[in-house]
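Q: Structure file model_7.tsv (TSV, C-alpha atoms) is given on the next line.
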chain	number	residue	atom	x	y	z
I	1	MET	CA	82.25	108.48	136.83
I	2	THR	CA	80.14	106.61	134.31
I	3	PRO	CA	80.56	102.85	134.58
I	4	PRO	CA	82.33	101.08	131.69
I	5	THR	CA	80.06	100.16	128.81
I	6	THR	CA	80.19	96.80	127.10
I	7	ALA	CA	77.94	95.85	124.24
I	8	ALA	CA	76.10	92.59	124.82
I	9	VAL	CA	76.77	91.44	121.26
I	10	GLN	CA	80.04	92.54	119.65
I	11	PRO	CA	79.40	94.05	116.18
I	12	VAL	CA	81.18	92.26	113.34
I	13	HIS	CA	83.76	94.42	111.56
I	14	PRO	CA	83.92	93.92	107.75
I	15	GLN	CA	87.59	92.85	108.00
I	16	ASP	CA	86.96	90.31	110.78
I	17	HIS	CA	87.11	87.39	108.36
I	18	LEU	CA	90.84	88.14	107.82
I	19	LEU	CA	91.61	88.80	111.48
I	20	ARG	CA	92.40	86.35	114.23
I	21	THR	CA	89.75	88.03	116.37
I	22	ASP	CA	90.72	86.12	119.51
I	23	ARG	CA	94.03	88.08	119.44
I	24	ILE	CA	92.32	91.49	119.08
I	25	PRO	CA	92.71	94.10	120.62
I	26	HIS	CA	96.28	93.95	119.40
I	27	ILE	CA	99.41	95.06	121.29
I	28	TRP	CA	100.07	98.21	119.25
I	29	CYS	CA	99.80	101.43	121.23
I	30	SER	CA	96.96	103.87	120.90
I	31	GLY	CA	97.55	105.86	117.71
I	32	CYS	CA	100.19	103.53	116.27
I	33	GLY	CA	100.31	103.63	112.47
I	34	ILE	CA	100.93	99.90	112.07
I	35	GLY	CA	97.24	99.14	112.53
I	36	ILE	CA	96.40	101.41	109.59
I	37	VAL	CA	99.00	99.67	107.39
I	38	PHE	CA	97.66	96.30	108.52
I	39	GLY	CA	94.13	97.32	107.53
I	40	ALA	CA	95.45	98.54	104.17
I	41	LEU	CA	97.26	95.22	103.67
I	42	MET	CA	94.07	93.25	104.35
I	43	ALA	CA	92.11	95.50	101.99
I	44	ALA	CA	94.82	95.05	99.33
I	45	VAL	CA	94.77	91.25	99.72
I	46	MET	CA	91.03	91.30	99.00
I	47	LYS	CA	91.41	93.85	96.20
I	48	SER	CA	94.24	92.00	94.42
I	49	GLY	CA	91.85	89.15	93.70
I	50	THR	CA	94.34	86.46	94.74
I	51	PRO	CA	92.69	83.35	96.25
I	52	LEU	CA	93.25	83.58	99.99
I	53	ASP	CA	94.88	80.13	100.05
I	54	ASP	CA	97.63	81.48	97.81
I	55	VAL	CA	98.64	84.42	100.01
I	56	ALA	CA	101.25	84.06	102.73
I	57	VAL	CA	102.36	86.81	105.10
I	58	VAL	CA	105.82	86.62	106.62
I	59	SER	CA	107.16	89.05	109.17
I	60	GLY	CA	110.19	89.46	111.35
I	61	ILE	CA	110.67	90.75	114.87
I	62	GLY	CA	109.38	94.05	116.16
I	63	CYS	CA	106.06	95.80	116.51
I	64	THR	CA	105.31	95.36	112.81
I	65	GLY	CA	106.33	91.74	113.09
I	66	ARG	CA	103.17	91.08	115.03
I	67	MET	CA	101.17	91.45	111.81
I	68	ALA	CA	101.75	87.82	110.87
I	69	GLY	CA	100.15	86.76	114.12
I	70	TYR	CA	97.01	88.78	113.63
I	71	ILE	CA	96.15	87.89	110.03
I	72	LYS	CA	94.06	84.80	109.41
I	73	LEU	CA	96.06	83.59	106.41
I	74	ASP	CA	99.11	81.38	106.09
I	75	SER	CA	101.63	83.38	108.05
I	76	PHE	CA	104.92	83.02	109.85
I	77	HIS	CA	106.71	85.14	112.42
I	78	THR	CA	110.40	84.57	111.74
I	79	THR	CA	113.52	85.33	113.75
I	80	HIS	CA	114.98	88.84	113.68
I	81	GLY	CA	115.81	90.02	110.17
I	82	ARG	CA	115.18	86.66	108.51
I	83	ALA	CA	111.74	87.33	107.04
I	84	ILE	CA	113.05	87.64	103.47
I	85	PRO	CA	115.04	84.34	103.44
I	86	PHE	CA	112.00	82.51	104.79
I	87	ALA	CA	109.75	84.19	102.23
I	88	THR	CA	112.24	83.29	99.47
I	89	GLY	CA	111.95	79.64	100.46
I	90	LEU	CA	108.15	79.84	100.47
I	91	LYS	CA	108.11	81.43	97.04
I	92	LEU	CA	110.48	78.86	95.50
I	93	ALA	CA	108.55	75.95	96.99
I	94	ARG	CA	105.21	77.26	95.76
I	95	PRO	CA	105.81	79.70	92.90
I	96	GLN	CA	102.09	80.25	92.19
I	97	GLY	CA	101.59	81.76	95.67
I	98	LYS	CA	101.93	85.42	96.59
I	99	VAL	CA	104.29	86.07	99.46
I	100	VAL	CA	104.05	89.34	101.36
I	101	VAL	CA	106.80	90.34	103.77
I	102	ALA	CA	105.52	92.87	106.29
I	103	SER	CA	108.11	94.12	108.69
I	104	GLY	CA	109.65	97.16	110.28
I	105	ASP	CA	112.61	99.26	109.21
I	106	GLY	CA	114.87	97.83	111.91
I	107	ASP	CA	114.09	94.25	111.02
I	108	LEU	CA	114.18	94.56	107.23
I	109	LEU	CA	117.01	97.01	106.75
I	110	ALA	CA	119.23	96.87	109.82
I	111	ILE	CA	119.71	93.23	110.79
I	112	GLY	CA	118.05	92.00	107.61
I	113	GLY	CA	119.81	94.47	105.33
I	114	ASN	CA	121.90	91.91	103.48
I	115	HIS	CA	118.94	89.66	102.82
I	116	PHE	CA	117.05	92.66	101.51
I	117	ILE	CA	119.69	93.81	99.04
I	118	HIS	CA	120.33	90.32	97.73
I	119	ALA	CA	116.65	89.50	97.32
I	120	ALA	CA	116.34	92.75	95.35
I	121	ARG	CA	119.42	91.90	93.29
I	122	ARG	CA	118.04	88.48	92.35
I	123	ASN	CA	114.62	90.04	91.80
I	124	MET	CA	112.76	87.54	93.98
I	125	ASP	CA	109.04	87.78	93.34
I	126	LEU	CA	108.13	89.14	96.79
I	127	THR	CA	106.11	92.07	98.07
I	128	ILE	CA	107.91	93.92	100.83
I	129	ILE	CA	105.99	96.30	103.07
I	130	CYS	CA	108.34	98.26	105.28
I	131	VAL	CA	106.67	100.17	108.11
I	132	ASN	CA	109.10	102.96	108.87
I	133	ASN	CA	108.57	104.53	112.28
I	134	PHE	CA	112.12	105.93	112.60
I	135	ASN	CA	113.17	103.90	115.64
I	136	TYR	CA	113.11	100.48	117.31
I	137	GLY	CA	109.69	100.88	118.92
I	138	MET	CA	109.23	97.53	120.65
I	139	THR	CA	112.48	97.58	122.60
I	140	GLY	CA	112.05	101.13	123.86
I	141	GLY	CA	112.87	103.54	121.06
I	142	GLN	CA	116.54	103.03	120.20
I	143	LEU	CA	118.40	104.48	117.22
I	144	ALA	CA	117.48	102.78	113.93
I	145	PRO	CA	118.99	103.11	110.45
I	146	SER	CA	116.02	105.33	109.57
I	147	THR	CA	116.25	107.80	112.47
I	148	PRO	CA	116.52	111.32	111.01
I	149	PHE	CA	119.73	113.27	111.65
I	150	GLY	CA	119.37	115.11	114.94
I	151	ALA	CA	116.30	113.24	116.18
I	152	LYS	CA	116.34	112.12	119.81
I	153	THR	CA	116.04	108.46	120.74
I	154	THR	CA	116.76	106.49	123.91
I	155	THR	CA	120.33	105.78	122.80
I	156	THR	CA	120.94	109.23	121.30
I	157	PRO	CA	119.54	111.63	123.91
I	158	LEU	CA	121.39	114.58	122.34
I	159	GLY	CA	120.19	113.79	118.84
I	160	SER	CA	121.17	111.25	116.25
I	161	PRO	CA	124.65	111.88	114.77
I	162	ASP	CA	123.99	109.57	111.81
I	163	GLU	CA	122.58	110.14	108.37
I	164	PRO	CA	119.56	107.89	107.80
I	165	PHE	CA	119.13	105.40	104.98
I	166	ASN	CA	116.95	106.25	102.01
I	167	PHE	CA	115.22	102.88	101.74
I	168	CYS	CA	113.53	103.61	98.42
I	169	ALA	CA	116.84	104.56	96.81
I	170	LEU	CA	118.48	101.46	98.26
I	171	ALA	CA	115.75	99.17	96.92
I	172	ALA	CA	115.83	100.79	93.48
I	173	ALA	CA	119.63	100.70	93.33
I	174	CYS	CA	119.67	97.01	94.23
I	175	GLY	CA	117.27	96.12	91.45
I	176	ALA	CA	113.69	96.31	92.77
I	177	THR	CA	111.00	96.51	90.10
I	178	TYR	CA	108.40	98.47	92.08
I	179	VAL	CA	109.19	101.16	94.65
I	180	ALA	CA	106.65	103.37	96.39
I	181	ARG	CA	106.48	105.41	99.58
I	182	TRP	CA	103.38	106.73	101.37
I	183	THR	CA	102.59	107.96	104.83
I	184	ALA	CA	100.05	106.21	107.03
I	185	LEU	CA	97.45	108.91	106.36
I	186	HIS	CA	97.49	108.27	102.58
I	187	VAL	CA	95.47	105.12	103.28
I	188	ARG	CA	93.63	104.82	99.97
I	189	ARG	CA	96.77	105.39	97.89
I	190	LEU	CA	98.67	103.04	100.16
I	191	THR	CA	96.06	100.31	99.61
I	192	ASN	CA	96.36	100.82	95.85
I	193	ALA	CA	100.16	100.70	96.08
I	194	ILE	CA	100.11	97.43	98.04
I	195	THR	CA	97.61	95.95	95.54
I	196	GLU	CA	99.84	96.99	92.62
I	197	ALA	CA	102.90	95.65	94.41
I	198	MET	CA	101.18	92.30	95.04
I	199	ASN	CA	100.18	91.96	91.40
I	200	LYS	CA	103.62	93.04	90.21
I	201	LYS	CA	105.98	90.30	89.11
I	202	GLY	CA	109.29	90.92	90.80
I	203	PHE	CA	110.68	92.50	93.93
I	204	SER	CA	108.20	95.18	94.99
I	205	PHE	CA	108.92	97.52	97.86
I	206	VAL	CA	106.39	99.76	99.61
I	207	GLU	CA	107.65	101.98	102.40
I	208	VAL	CA	105.10	103.42	104.81
I	209	ILE	CA	105.93	106.27	107.14
I	210	ALA	CA	103.96	105.51	110.28
I	211	PRO	CA	103.67	107.41	113.56
I	212	CYS	CA	105.17	105.93	116.71
I	213	PRO	CA	103.89	108.33	119.37
I	214	THR	CA	105.06	106.28	122.36
I	215	ALA	CA	108.72	105.75	121.55
I	216	PHE	CA	109.61	108.27	118.84
I	217	GLY	CA	107.10	111.10	119.13
I	218	ARG	CA	107.37	111.41	122.91
I	219	ARG	CA	111.14	112.04	122.78
I	220	ASN	CA	110.82	114.53	119.95
I	221	LYS	CA	108.11	116.74	121.44
I	222	ILE	CA	105.31	115.43	119.23
I	223	ARG	CA	103.52	113.45	121.87
I	224	ARG	CA	100.06	113.05	120.38
I	225	ALA	CA	99.61	110.41	117.70
I	226	LEU	CA	97.27	112.73	115.87
I	227	ASP	CA	99.95	115.46	115.66
I	228	LEU	CA	102.58	112.99	114.47
I	229	LEU	CA	100.26	111.57	111.80
I	230	ARG	CA	99.47	115.07	110.57
I	231	PHE	CA	103.13	116.15	110.81
I	232	TYR	CA	104.22	113.42	108.36
I	233	TYR	CA	101.27	114.10	106.08
I	234	ASP	CA	101.77	117.88	106.02
I	235	ARG	CA	105.48	117.56	105.20
I	236	SER	CA	104.85	115.08	102.38
I	237	VAL	CA	104.82	116.09	98.73
I	238	VAL	CA	103.49	113.64	96.14
I	239	LYS	CA	106.12	113.22	93.42
I	240	ASN	CA	105.31	110.20	91.27
I	241	GLN	CA	108.06	108.87	88.99
I	242	LEU	CA	110.69	110.85	90.91
I	243	ASP	CA	114.20	109.40	90.74
I	244	PRO	CA	114.38	107.33	93.97
I	245	GLY	CA	117.84	108.76	94.64
I	246	GLU	CA	116.28	112.18	95.02
I	247	ALA	CA	113.31	110.93	97.07
I	248	THR	CA	114.83	111.83	100.40
I	249	ILE	CA	112.97	111.96	103.69
I	250	ASP	CA	113.58	115.63	104.38
I	251	PHE	CA	111.26	116.99	107.05
I	252	ASP	CA	112.35	120.59	106.55
I	253	HIS	CA	111.75	120.92	102.82
I	254	SER	CA	109.82	118.07	101.29
I	255	LEU	CA	109.19	114.51	102.22
I	256	ALA	CA	108.81	112.86	98.83
I	257	VAL	CA	106.04	110.27	98.59
I	258	GLY	CA	104.56	108.51	95.60
I	259	LYS	CA	105.26	105.69	93.20
I	260	PHE	CA	108.90	106.10	92.24
I	261	LEU	CA	109.61	103.05	90.13
I	262	ASP	CA	107.57	100.52	88.13
I	263	ILE	CA	109.71	98.56	85.67
I	264	GLU	CA	109.85	95.05	84.22
I	265	ARG	CA	112.83	92.76	84.79
I	266	PRO	CA	113.12	88.93	84.68
I	267	THR	CA	112.70	87.44	88.13
I	268	PHE	CA	114.93	84.90	89.82
I	269	LEU	CA	112.56	82.07	88.89
I	270	ASP	CA	112.58	83.07	85.19
I	271	HIS	CA	116.37	83.00	85.13
I	272	TYR	CA	116.58	79.80	87.15
I	273	GLU	CA	114.27	77.96	84.75
I	274	MET	CA	116.28	79.24	81.78
I	275	VAL	CA	119.49	77.92	83.31
I	276	ASN	CA	117.93	74.54	84.11
I	277	ARG	CA	116.57	74.17	80.58
I	278	GLY	CA	120.02	74.94	79.20
I	279	GLU	CA	118.77	78.02	77.39
I	280	VAL	CA	121.51	80.26	78.68
I	281	GLU	CA	124.53	80.74	76.47
I	282	ALA	CA	127.94	79.98	77.93
I	283	TRP	CA	129.58	82.92	79.64
I	284	PRO	CA	130.96	85.20	78.22
I	285	ALA	CA	128.46	85.55	75.41
I	286	THR	CA	131.07	86.93	73.01
I	287	GLY	CA	133.15	83.76	73.36
I	288	VAL	CA	136.84	83.38	74.13
I	289	ASP	CA	139.43	83.46	71.39
I	290	ALA	CA	141.60	80.46	72.37
I	291	SER	CA	144.41	81.31	69.93
I	292	ALA	CA	144.81	84.72	71.52
I	293	ALA	CA	145.19	83.20	74.97
I	294	GLY	CA	148.68	83.33	76.34
I	295	LYS	CA	149.92	85.71	73.65
I	296	ARG	CA	149.44	88.76	75.80
I	297	LYS	CA	151.99	89.05	78.50
I	298	ALA	CA	151.03	90.39	81.85
I	299	GLY	CA	151.92	94.01	82.46
H	1	MET	CA	76.35	121.37	102.82
H	2	LYS	CA	76.74	124.99	101.68
H	3	TYR	CA	76.96	125.69	97.95
H	4	TRP	CA	78.32	128.86	96.32
H	5	ARG	CA	75.66	128.31	93.67
H	6	GLU	CA	72.89	125.77	93.43
H	7	PRO	CA	74.03	122.80	91.26
H	8	LEU	CA	71.73	122.35	88.26
H	9	ASP	CA	71.28	118.63	88.86
H	10	LEU	CA	70.84	118.84	92.62
H	11	ASP	CA	67.46	117.09	92.55
H	12	ARG	CA	68.94	114.12	90.65
H	13	ILE	CA	72.05	113.64	92.79
H	14	LYS	CA	71.69	110.87	95.31
H	15	VAL	CA	73.90	111.19	98.36
H	16	THR	CA	74.61	107.89	100.07
H	17	ARG	CA	73.70	107.54	103.70
H	18	GLY	CA	75.68	105.55	106.19
H	19	ARG	CA	75.46	104.30	109.72
H	20	VAL	CA	78.58	104.20	111.88
H	21	THR	CA	79.09	101.33	114.30
H	22	VAL	CA	81.83	101.25	116.95
H	23	VAL	CA	83.20	98.00	118.34
H	24	LEU	CA	83.49	99.49	121.80
H	25	ASP	CA	85.96	97.15	123.46
H	26	ARG	CA	88.54	97.39	120.66
H	27	CYS	CA	88.84	101.19	120.74
H	28	LYS	CA	91.97	102.75	122.25
H	29	GLY	CA	90.82	106.34	121.93
H	30	CYS	CA	93.38	107.66	119.40
H	31	GLU	CA	90.80	110.11	117.93
H	32	PHE	CA	91.90	109.49	114.31
H	33	CYS	CA	88.32	108.81	113.18
H	34	ILE	CA	86.98	111.90	114.93
H	35	SER	CA	89.56	114.29	113.43
H	36	TYR	CA	89.46	112.86	109.92
H	37	CYS	CA	85.69	112.43	109.53
H	38	SER	CA	84.97	114.72	106.61
H	39	ARG	CA	81.40	115.38	107.79
H	40	GLY	CA	82.01	115.81	111.52
H	41	VAL	CA	79.77	112.90	112.46
H	42	LEU	CA	81.80	111.62	115.37
H	43	ALA	CA	82.57	112.99	118.81
H	44	MET	CA	84.37	111.58	121.84
H	45	SER	CA	82.05	109.89	124.28
H	46	LYS	CA	82.19	110.72	127.97
H	47	LYS	CA	81.82	107.03	128.73
H	48	PHE	CA	84.63	104.48	129.05
H	49	ASN	CA	84.96	101.07	127.50
H	50	ARG	CA	86.10	97.98	129.36
H	51	LYS	CA	89.80	98.88	128.93
H	52	GLY	CA	89.27	102.39	130.29
H	53	TYR	CA	89.44	104.35	127.04
H	54	HIS	CA	86.96	106.95	125.86
H	55	TYR	CA	85.54	105.87	122.53
H	56	PRO	CA	83.92	107.80	119.65
H	57	GLU	CA	80.19	107.92	119.16
H	58	ALA	CA	78.04	109.23	116.34
H	59	ALA	CA	77.03	112.65	117.63
H	60	GLU	CA	75.32	113.58	114.37
H	61	PRO	CA	74.51	110.25	112.70
H	62	ALA	CA	72.33	111.87	110.03
H	63	LYS	CA	75.40	113.54	108.46
H	64	CYS	CA	77.20	110.27	107.62
H	65	VAL	CA	77.63	109.68	103.87
H	66	ASN	CA	79.24	106.23	104.16
H	67	CYS	CA	82.68	107.26	102.87
H	68	HIS	CA	84.35	104.50	104.99
H	69	PHE	CA	87.28	106.76	105.89
H	70	CYS	CA	86.83	106.11	109.63
H	71	GLU	CA	86.96	102.42	108.80
H	72	VAL	CA	90.26	102.60	106.88
H	73	ILE	CA	91.97	105.06	109.24
H	74	CYS	CA	91.12	103.12	112.42
H	75	PRO	CA	94.24	101.22	113.58
H	76	GLU	CA	92.14	99.03	115.87
H	77	PHE	CA	89.45	97.69	113.49
H	78	ALA	CA	86.98	99.22	115.90
H	79	ILE	CA	84.75	101.34	113.67
H	80	PHE	CA	82.93	100.74	110.39
H	81	SER	CA	80.09	102.18	108.41
H	82	GLU	CA	77.27	100.49	106.51
H	83	ASP	CA	75.18	101.74	103.64
H	84	ILE	CA	71.63	102.61	104.68
H	85	SER	CA	70.66	104.68	101.59
H	86	ASP	CA	67.72	102.40	100.82
H	87	THR	CA	66.19	102.35	104.27
H	88	ALA	CA	66.70	106.06	104.94
H	89	GLY	CA	64.84	106.98	101.75
Represent the structure from my file as structure tokens, please.
A:
Amino acid sequence: MTPPTTAAVQPVHPQDHLLRTDRIPHIWCSGCGIGIVFGALMAAVMKSGTPLDDVAVVSGIGCTGRMAGYIKLDSFHTTHGRAIPFATGLKLARPQGKVVVASGDGDLLAIGGNHFIHAARRNMDLTIICVNNFNYGMTGGQLAPSTPFGAKTTTTPLGSPDEPFNFCALAAACGATYVARWTALHVRRLTNAITEAMNKKGFSFVEVIAPCPTAFGRRNKIRRALDLLRFYYDRSVVKNQLDPGEATIDFDHSLAVGKFLDIERPTFLDHYEMVNRGEVEAWPATGVDASAAGKRKAG
Amino acid sequence: MKYWREPLDLDRIKVTRGRVTVVLDRCKGCEFCISYCSRGVLAMSKKFNRKGYHYPEAAEPAKCVNCHFCEVICPEFAIFSEDISDTAG
């Protein structure tokens, strides 16, 4: 056996200035897609042209939640599911900053589901990156709200009996202004999508389908990370501007990826300032006819 | 590269040249860079790094065109390429 090789001087990676290099190598398994998304996020932060002091990364619990600990920017690793409330507070306290929430499907849309839909409803100016690996990877591969129907996990050894969420449709239905989905192998398009989402005013949601060979692939007979990465990519069909309701994750026919939604809508801060300046008309806008009140009898 | 016909401006086209560097101790041997290198530059080394993983090495370094795809696909921030068009001539 050849003895292990170690370079005397470690070469400096171009992204090292955004990495907490003392924490690298990170905890993600060999072939995990989160590292690719993390690299795309760092590239997008540089590409968006935002001053680095104005970017904050917030994440919740789970494998993806570790992102906040590895990026050398203002970052916070919140409790389970509470990344969006924390990010909301950050955004309101410092509205000129860009707040990116990077978390997994279990954190954002299972325990944090209510925070997600209400942040989308109020159109908080946040960028949400949801790394969807179809299970709870860190705790051992349990059933998640994204697990495809019939897929095996630790808690559903015979196959999942549940229909999964369509996160893009959920975000769009709740009022998001930017919705996109890519797989981890569409790195360049993913980087562009995250850049667009960061520069977009309003609730922007980017879903990334990432391989989890250790917890998800192993139980579903796609053990190699390379096969899982290619499996998602081969099944994907780019359908930009597709109605998010039809953008289902269907592995048998077509896994729709692309930019589904890019609209303008006043954000929470716009509305809040209007209310505080007294620029909002009394509700209801049509007024109430006082003379008519009481004339109509119930029933 | 093989052409089905010789491009008319072949003598004027400048192809960039790159040099691939691997941060050995970060690699976890997932082979993403090797499979997705469009020019087949990389191959798995027989050697191990400090963590016990095989790592990629530039088997045919002259083929690299500095497309940076290994750099963006690497989940470990363990590989990158630099432009050496000027020095290579």
Q: Pick out the chain I residues within 9 Å of chain H. Count only C-alpha atoms. Give them as an NGL selection string.
A: :I and (1-7 or 10-16 or 24-26 or 28-40 or 43 or 184-185 or 187-188 or 224-226 or 229)
Q: Got a sec: who's within 8 Å of Arg39 in chain H, counting all atoms listed in the file, leaving out chain neighbours fewer than 5 positions off, as a list in words?
A: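 These residues fall inside the cut-off: Lys63, Cys64 and Val65 of chain H.
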Q: How many Å separate CA of Ala193 in chain I from CA of Asn240 in chain I?
A: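 Atom-to-atom, CA of Ala193 in chain I to CA of Asn240 in chain I, that is 11.8 Å.
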Q: Mind pulling up the distance from CA of Met138 in chain I to CA of Thr214 in chain I?
A: 9.8 Å
Q: Kindly indicate which residue among I:Thr156, I:Ser254, I:Thr267, I:Gln142 lies nearest to Ser204 in chain I, using only C-alpha atoms for the distances.
A: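 Under the stated criterion, the closest residue is I:Thr267.
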Q: Can you list, as a count of residues only, every protein, DNA or RNA residue that comes within 8 Å of Phe268 in chain I when you count only C-alpha atoms, leaving out same-chain residues fewer than 6 positions away?
A: 4
Q: Quick check, in Å to one decimal: how far apart do CA of Gly69 in chain I and CA of Pro95 in chain I lie?
A: 23.1 Å
Q: If we count only C-alpha atoms, what is near Glu196 in chain I at a cut-off of 12 Å, once residues fewer than 4 positions away on the same chain are taken out, given as a PyMOL selection string?
A: chain I and resi 41+44-45+47-49+127-128+177-180+189-192+200-206+259+261-262
Q: Write out as a PDB file with C-alpha atoms, keeping the file's coordinate frame the residues lying within 12 Å of Arg94 in chain I, counting all atoms listed in the file and excluding same-chain residues fewer than 3 positions away.
A:
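Resulting contents of out-v1.pdb:
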ATOM      1  CA  ASP I  53      94.880  80.130 100.050  1.00  0.00           C
ATOM      2  CA  ASP I  54      97.630  81.480  97.810  1.00  0.00           C
ATOM      3  CA  VAL I  55      98.640  84.420 100.010  1.00  0.00           C
ATOM      4  CA  ALA I  56     101.250  84.060 102.730  1.00  0.00           C
ATOM      5  CA  ALA I  87     109.750  84.190 102.230  1.00  0.00           C
ATOM      6  CA  THR I  88     112.240  83.290  99.470  1.00  0.00           C
ATOM      7  CA  GLY I  89     111.950  79.640 100.460  1.00  0.00           C
ATOM      8  CA  LEU I  90     108.150  79.840 100.470  1.00  0.00           C
ATOM      9  CA  LYS I  91     108.110  81.430  97.040  1.00  0.00           C
ATOM     10  CA  GLY I  97     101.590  81.760  95.670  1.00  0.00           C
ATOM     11  CA  LYS I  98     101.930  85.420  96.590  1.00  0.00           C
ATOM     12  CA  VAL I  99     104.290  86.070  99.460  1.00  0.00           C
ATOM     13  CA  ASP I 125     109.040  87.780  93.340  1.00  0.00           C
ATOM     14  CA  LEU I 269     112.560  82.070  88.890  1.00  0.00           C
TER      15      LEU I 269
END
Q: Any idea what's packed within 9 Å of Pro145 in chain I, counting only C-alpha atoms, ignoring anything in its chain fewer than 5 positions away? Could you give it as a PyMOL selection string?
A: chain I and resi 105-106+109-110+134-135+162-165
